[in-house]
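Notes follow the structure.
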Amino acid sequence: MKLVAVSAGLSQPSSTRLLADRLAQATRARLDGTPAAGAPAEVRVIELRDLATDIANALVTGFPNARLREAVEAVTGADGLIAVTPVFTASYSGLFKSFVDVLDPDALAGTPVLVAATGGTARHSLVLEHAMRPLFAYLRAVVAPTAVYAASEDWGGGGDAFTEGLAERIGRAGGELADLMTGRAATRPRPAASGDEVEAVVPFEEQLAALRP
């Protein structure tokens with residue numbers, strides 16, 4: 001299975017990239033322990049900061065270059081996606097949204113997605129629910145129930161009697177994404193083999209006629 005994490009962090013090192021890595025590790029650990037996942041998961045992290053100029057050119061010209069096109073194909077071809085952005089002005093960053101704008105509107109339909117964000121204060125945590133989740137719902141992706149926000153004070157913290165620590169939230173979110181990915185693989189239609197019997201399709205008019213007395 002292919003798992004892709006997209007990090008929109010701008011600095012190096014970046015807490016956004018660190019969160020993306022931690023979420024990818026948690027998801028992969030769950031996948032590798034699930035028989036339905038099959039072979040070990042392939043994990044890739046895409047840093048949008050390295051593609052910033054390519055994204056801007058694609059928005060202006062309408063044509064992504066080869067490097068950006070390869071990143072887009074990796075995202076749209078993934079069995080599961082982790083999307084992590086820093087919070088800028090109470091929403092996702094412009095770089096993150098610009099990358100999403102390059103994608104085909106139908107490219108992520110049905111794809112399991114885990115959304116996450118980083119910020120300097122916990123007061124911005126609702127960005128996950130009023131910006132990130134609606135964005136991927138519009139794209140008809142399947143968003144994991146648990147979204148992960150990491151404020152500066154969360155790193156190294158263990159939570160309290162009323163809230164889980166960052167490590168616990170990462171583990172729970174990664175498990176949910178892995179379950180969505182394996183469930184999607186199990187329900188994905190299998191191409192008919194040459195010897196398979198194909199059920200005959202009865203026209204709707206005939207079905208109605210059979211119901212009449």
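Residue numbering restarts at 1 in every chain; chains get A, B, ... in the order shown in the structure tokens, and ligands count up from 1 in that same order.
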Distance query Leu135 in chain A at most 12 Å, only C-alpha atoms, self and fewer than 4 positions along chain excluded, as a list in words
Ala83, Ser91, Tyr92, Phe96, Lys97, Val100, Asp101, Pro105, Leu108, Val113, Val115, Val127, Leu128, Glu129, His130, Ala131, Leu139, Arg140, Ala141, Val142 and Val143 of chain A
Who sits within 10 Å of range 16-24 of chain A, only C-alpha atoms, same chain under 3 positions skipped, as a ChimeraX atom specification:
/A:3-13,27-30,43-47,81-87,114-119,148-150,155,166-167,169-175,177-178
Which one of A:Ala26, A:Ser93, A:Gly33, A:Val102 sits closest to Thr61 in chain A if you count only C-alpha atoms?
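Looking at the shortest contact to Thr61 in chain A, the residue is A:Val102.
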